[in-house]
$ cat query.txt   # compact mmCIF, C-alpha atoms
# COMPACT_ATOMS: atom_id res chain seq x y z
CA MET W 1 -95.89 -61.60 -59.36
CA GLU W 2 -98.68 -62.82 -61.61
CA THR W 3 -99.80 -66.42 -61.11
CA PHE W 4 -101.26 -68.86 -63.62
CA ASN W 5 -104.71 -68.42 -62.04
CA ASP W 6 -104.39 -64.61 -62.25
CA VAL W 7 -103.71 -64.82 -65.98
CA ILE W 8 -106.49 -67.27 -66.88
CA SER W 9 -109.08 -65.57 -64.67
CA GLY W 10 -108.94 -62.21 -66.44
CA ASP W 11 -111.19 -60.84 -69.17
CA LYS W 12 -108.56 -61.25 -71.86
CA LEU W 13 -108.54 -64.33 -74.09
CA VAL W 14 -105.60 -66.58 -73.14
CA LEU W 15 -104.09 -69.39 -75.20
CA VAL W 16 -102.39 -71.82 -72.84
CA ASP W 17 -99.79 -74.17 -74.28
CA PHE W 18 -99.14 -77.09 -71.93
CA PHE W 19 -95.80 -78.46 -73.15
CA ALA W 20 -92.71 -80.44 -72.17
CA THR W 21 -89.12 -79.63 -73.10
CA TRP W 22 -88.53 -83.20 -74.34
CA CYS W 23 -91.60 -83.20 -76.62
CA GLN W 24 -90.86 -82.88 -80.35
CA PRO W 25 -94.40 -81.76 -81.39
CA CYS W 26 -94.19 -79.12 -78.63
CA LYS W 27 -91.02 -77.78 -80.20
CA MET W 28 -92.83 -77.62 -83.56
CA MET W 29 -95.59 -75.50 -81.96
CA HIS W 30 -93.22 -72.79 -80.69
CA PRO W 31 -92.81 -70.95 -84.03
CA VAL W 32 -96.53 -71.42 -84.75
CA LEU W 33 -97.41 -69.71 -81.47
CA GLU W 34 -94.99 -66.87 -82.24
CA GLN W 35 -96.65 -66.38 -85.66
CA VAL W 36 -100.13 -66.40 -84.07
CA LYS W 37 -98.98 -63.76 -81.57
CA THR W 38 -97.60 -61.65 -84.45
CA VAL W 39 -100.95 -61.86 -86.29
CA LEU W 40 -103.21 -61.24 -83.27
CA GLY W 41 -101.01 -58.93 -81.18
CA ASP W 42 -102.76 -57.64 -78.05
CA LYS W 43 -106.05 -59.41 -78.85
CA ILE W 44 -104.76 -62.54 -77.12
CA ARG W 45 -102.26 -63.55 -74.47
CA ILE W 46 -100.24 -66.71 -75.04
CA ILE W 47 -98.64 -68.49 -72.11
CA LYS W 48 -96.58 -71.66 -72.02
CA VAL W 49 -96.84 -74.06 -69.07
CA ASP W 50 -94.14 -76.71 -68.66
CA VAL W 51 -96.02 -79.78 -67.39
CA ASP W 52 -92.88 -81.15 -65.69
CA LYS W 53 -92.36 -77.95 -63.67
CA HIS W 54 -96.04 -77.15 -63.06
CA ARG W 55 -97.62 -80.53 -62.36
CA GLN W 56 -100.42 -79.02 -60.26
CA ALA W 57 -101.76 -76.88 -63.14
CA ALA W 58 -101.40 -79.78 -65.58
CA GLY W 59 -103.25 -82.07 -63.18
CA GLN W 60 -105.97 -79.52 -62.48
CA TYR W 61 -106.80 -79.42 -66.21
CA GLN W 62 -106.25 -83.16 -66.72
CA VAL W 63 -103.52 -82.71 -69.29
CA GLN W 64 -102.75 -86.26 -70.45
CA SER W 65 -100.58 -85.51 -73.48
CA VAL W 66 -98.46 -82.66 -74.76
CA PRO W 67 -98.81 -80.32 -76.40
CA THR W 68 -102.29 -79.53 -75.12
CA LEU W 69 -103.65 -76.16 -76.18
CA MET W 70 -106.50 -74.42 -74.33
CA LEU W 71 -108.34 -71.19 -74.92
CA MET W 72 -109.44 -69.66 -71.64
CA ARG W 73 -111.21 -66.54 -70.43
CA GLY W 74 -112.53 -65.75 -66.96
CA GLY W 75 -111.15 -69.03 -65.64
CA GLN W 76 -113.26 -71.05 -68.08
CA VAL W 77 -111.92 -73.44 -70.72
CA LEU W 78 -113.52 -72.37 -74.01
CA TRP W 79 -111.69 -74.88 -76.23
CA ARG W 80 -108.97 -77.51 -75.90
CA GLN W 81 -107.05 -79.84 -78.15
CA SER W 82 -104.03 -82.07 -77.80
CA GLY W 83 -101.41 -82.27 -80.51
CA ALA W 84 -99.61 -79.83 -82.78
CA MET W 85 -101.57 -77.86 -85.34
CA PRO W 86 -100.76 -75.47 -88.20
CA LYS W 87 -101.03 -71.70 -87.81
CA ALA W 88 -104.03 -71.36 -90.15
CA ASP W 89 -106.02 -73.99 -88.22
CA LEU W 90 -105.17 -72.41 -84.87
CA LEU W 91 -106.16 -68.93 -86.08
CA ALA W 92 -109.46 -70.36 -87.37
CA VAL W 93 -110.18 -71.83 -83.92
CA ILE W 94 -109.28 -68.61 -82.09
CA ASP W 95 -111.17 -66.19 -84.36
CA PRO W 96 -114.75 -66.83 -83.06
CA PHE W 97 -113.58 -66.16 -79.48
CA LEU W 98 -111.97 -62.76 -80.17

$ encode --input "query.txt" --output "structure tokens"
Amino acid sequence: METFNDVISGDKLVLVDFFATWCQPCKMMHPVLEQVKTVLGDKIRIIKVDVDKHRQAAGQYQVQSVPTLMLMRGGQVLWRQSGAMPKADLLAVIDPFL
């Protein structure tokens, strides 16, 4: 079974969405992430990490608020931002890293 560290340590660009089930802005991000995946396809991997179920990962990356989005490759954080954002803005952030 693939672990969180396996996924973020690979060569592929990964968008990590640290979220909580009770968080309204997190719920707003779900369709945005689906649209981003539709646009970018296999160029990026998108994973969701529930901060209540995976406290160790959230703590390791000092996630203080949700949603927190991170772009990662090779175990390195390339970009991070807390708060919901529109699809166009998220695509503009991702594009230089593809």

$ atom_distance --input "query.txt" --atom1 "CA of Phe4 in chain W" --atom2 "CA of Thr38 in chain W"
22.3 Å

$ closest_residue --input "query.txt" --among "W:Val32, W:His54, W:Val66, W:Gly10" --to "Asp89 in chain W" --atoms "only C-alpha atoms"
W:Val32

$ atom_distance --input "query.txt" --atom1 "CA of Phe19 in chain W" --atom2 "CA of Val51 in chain W"
5.9 Å

$ residues_around --input "query.txt" --residues "Val14 in chain W" --least-positions-apart "4" --cutoff "6 Å" --atoms "all atoms listed in the file" --output "PDB file with C-alpha atoms, in the coordinates of the input"
ATOM      1  CA  ILE W  44    -104.760 -62.540 -77.120  1.00  0.00           C
ATOM      2  CA  ARG W  45    -102.260 -63.550 -74.470  1.00  0.00           C
ATOM      3  CA  ILE W  46    -100.240 -66.710 -75.040  1.00  0.00           C
ATOM      4  CA  LEU W  71    -108.340 -71.190 -74.920  1.00  0.00           C
ATOM      5  CA  MET W  72    -109.440 -69.660 -71.640  1.00  0.00           C
TER       6      MET W  72
END

$ closest_residue --input "query.txt" --among "W:Ala84, W:Met70, W:Leu15, W:Leu78" --to "Leu40 in chain W" --atoms "all atoms listed in the file"
W:Leu15

$ residues_around --input "query.txt" --residues "Val93 in chain W" --least-positions-apart "4" --cutoff "10 Å" --atoms "only C-alpha atoms" --output "PyMOL selection string"
chain W and resi 71+79-80+87-89+97-98

$ atom_distance --input "query.txt" --atom1 "CA of Leu91 in chain W" --atom2 "CA of Val39 in chain W"
8.8 Å

$ closest_residue --input "query.txt" --among "W:Leu13, W:His30, W:Arg55, W:Val49" --to "Asp95 in chain W" --atoms "only C-alpha atoms"
W:Leu13

$ closest_residue --input "query.txt" --among "W:Leu33, W:Leu69, W:Val77, W:Ala20" --to "Asp52 in chain W" --atoms "all atoms listed in the file"
W:Ala20

$ residues_near_point --input "query.txt" --point "(-107.7, -75.6, -62.8)" --cutoff "10 Å" --atoms "only C-alpha atoms" --output "PDB file with C-alpha atoms, in the frame of the given file"
ATOM      1  CA  PHE W   4    -101.260 -68.860 -63.620  1.00  0.00           C
ATOM      2  CA  ASN W   5    -104.710 -68.420 -62.040  1.00  0.00           C
ATOM      3  CA  ILE W   8    -106.490 -67.270 -66.880  1.00  0.00           C
ATOM      4  CA  GLN W  56    -100.420 -79.020 -60.260  1.00  0.00           C
ATOM      5  CA  ALA W  57    -101.760 -76.880 -63.140  1.00  0.00           C
ATOM      6  CA  ALA W  58    -101.400 -79.780 -65.580  1.00  0.00           C
ATOM      7  CA  GLY W  59    -103.250 -82.070 -63.180  1.00  0.00           C
ATOM      8  CA  GLN W  60    -105.970 -79.520 -62.480  1.00  0.00           C
ATOM      9  CA  TYR W  61    -106.800 -79.420 -66.210  1.00  0.00           C
ATOM     10  CA  GLN W  62    -106.250 -83.160 -66.720  1.00  0.00           C
ATOM     11  CA  GLY W  75    -111.150 -69.030 -65.640  1.00  0.00           C
ATOM     12  CA  GLN W  76    -113.260 -71.050 -68.080  1.00  0.00           C
ATOM     13  CA  VAL W  77    -111.920 -73.440 -70.720  1.00  0.00           C
TER      14      VAL W  77
END

$ closest_residue --input "query.txt" --among "W:Val63, W:Val7, W:Met1, W:Ile47" --to "Glu34 in chain W" --atoms "only C-alpha atoms"
W:Ile47

$ closest_residue --input "query.txt" --among "W:Gly74, W:Pro96, W:Pro86, W:Pro67" --to "Phe18 in chain W" --atoms "all atoms listed in the file"
W:Pro67

$ decode --input "query.txt" --residues "range 71-94 of chain W" --atoms "N, CA and C atoms" --output "mmCIF file, in the first residue's frame"
data_model
loop_
_atom_site.group_PDB
_atom_site.id
_atom_site.type_symbol
_atom_site.label_atom_id
_atom_site.label_comp_id
_atom_site.auth_asym_id
_atom_site.auth_seq_id
_atom_site.Cartn_x
_atom_site.Cartn_y
_atom_site.Cartn_z
ATOM 1 N N LEU W 71 1.998 22.215 -3.176
ATOM 2 C CA LEU W 71 2.555 21.534 -4.337
ATOM 3 C C LEU W 71 3.869 20.917 -3.893
ATOM 4 N N MET W 72 4.032 19.621 -4.182
ATOM 5 C CA MET W 72 5.227 18.917 -3.743
ATOM 6 C C MET W 72 5.782 18.058 -4.870
ATOM 7 N N ARG W 73 7.089 17.891 -4.840
ATOM 8 C CA ARG W 73 7.771 16.976 -5.757
ATOM 9 C C ARG W 73 9.070 16.560 -5.084
ATOM 10 N N GLY W 74 9.375 15.281 -5.135
ATOM 11 C CA GLY W 74 10.615 14.792 -4.529
ATOM 12 C C GLY W 74 10.710 15.068 -3.050
ATOM 13 N N GLY W 75 9.553 15.102 -2.367
ATOM 14 C CA GLY W 75 9.539 15.342 -0.927
ATOM 15 C C GLY W 75 9.698 16.800 -0.528
ATOM 16 N N GLN W 76 9.818 17.690 -1.510
ATOM 17 C CA GLN W 76 10.010 19.113 -1.236
ATOM 18 C C GLN W 76 8.711 19.895 -1.447
ATOM 19 N N VAL W 77 8.439 20.840 -0.563
ATOM 20 C CA VAL W 77 7.295 21.734 -0.736
ATOM 21 C C VAL W 77 7.716 22.835 -1.692
ATOM 22 N N LEU W 78 7.046 22.918 -2.833
ATOM 23 C CA LEU W 78 7.361 23.924 -3.845
ATOM 24 C C LEU W 78 6.527 25.189 -3.665
ATOM 25 N N TRP W 79 5.337 25.019 -3.093
ATOM 26 C CA TRP W 79 4.394 26.132 -2.903
ATOM 27 C C TRP W 79 3.373 25.704 -1.871
ATOM 28 N N ARG W 80 2.878 26.653 -1.093
ATOM 29 C CA ARG W 80 1.785 26.357 -0.154
ATOM 30 C C ARG W 80 0.944 27.589 0.074
ATOM 31 N N GLN W 81 -0.340 27.342 0.347
ATOM 32 C CA GLN W 81 -1.259 28.433 0.656
ATOM 33 C C GLN W 81 -2.426 27.876 1.448
ATOM 34 N N SER W 82 -2.875 28.636 2.405
ATOM 35 C CA SER W 82 -4.064 28.257 3.164
ATOM 36 C C SER W 82 -5.253 29.041 2.637
ATOM 37 N N GLY W 83 -6.400 28.388 2.632
ATOM 38 C CA GLY W 83 -7.630 29.020 2.171
ATOM 39 C C GLY W 83 -8.055 28.508 0.803
ATOM 40 N N ALA W 84 -9.342 28.631 0.544
ATOM 41 C CA ALA W 84 -9.900 28.212 -0.742
ATOM 42 C C ALA W 84 -9.466 29.183 -1.832
ATOM 43 N N MET W 85 -9.412 28.674 -3.063
ATOM 44 C CA MET W 85 -9.070 29.529 -4.187
ATOM 45 C C MET W 85 -9.791 29.050 -5.435
ATOM 46 N N PRO W 86 -10.054 29.957 -6.391
ATOM 47 C CA PRO W 86 -10.746 29.567 -7.609
ATOM 48 C C PRO W 86 -9.859 28.732 -8.535
ATOM 49 N N LYS W 87 -10.508 27.990 -9.419
ATOM 50 C CA LYS W 87 -9.807 27.102 -10.348
ATOM 51 C C LYS W 87 -8.758 27.850 -11.168
ATOM 52 N N ALA W 88 -9.112 28.994 -11.724
ATOM 53 C CA ALA W 88 -8.178 29.737 -12.586
ATOM 54 C C ALA W 88 -6.914 30.130 -11.823
ATOM 55 N N ASP W 89 -7.076 30.565 -10.578
ATOM 56 C CA ASP W 89 -5.920 30.960 -9.765
ATOM 57 C C ASP W 89 -5.041 29.750 -9.444
ATOM 58 N N LEU W 90 -5.672 28.628 -9.119
ATOM 59 C CA LEU W 90 -4.921 27.422 -8.796
ATOM 60 C C LEU W 90 -4.168 26.911 -10.017
ATOM 61 N N LEU W 91 -4.804 26.919 -11.163
ATOM 62 C CA LEU W 91 -4.120 26.497 -12.411
ATOM 63 C C LEU W 91 -2.941 27.406 -12.719
ATOM 64 N N ALA W 92 -3.096 28.713 -12.461
ATOM 65 C CA ALA W 92 -2.000 29.665 -12.713
ATOM 66 C C ALA W 92 -0.814 29.385 -11.785
ATOM 67 N N VAL W 93 -1.081 28.963 -10.559
ATOM 68 C CA VAL W 93 -0.005 28.625 -9.619
ATOM 69 C C VAL W 93 0.696 27.348 -10.051
ATOM 70 N N ILE W 94 -0.058 26.356 -10.484
ATOM 71 C CA ILE W 94 0.489 25.045 -10.839
ATOM 72 C C ILE W 94 1.314 25.094 -12.125
#
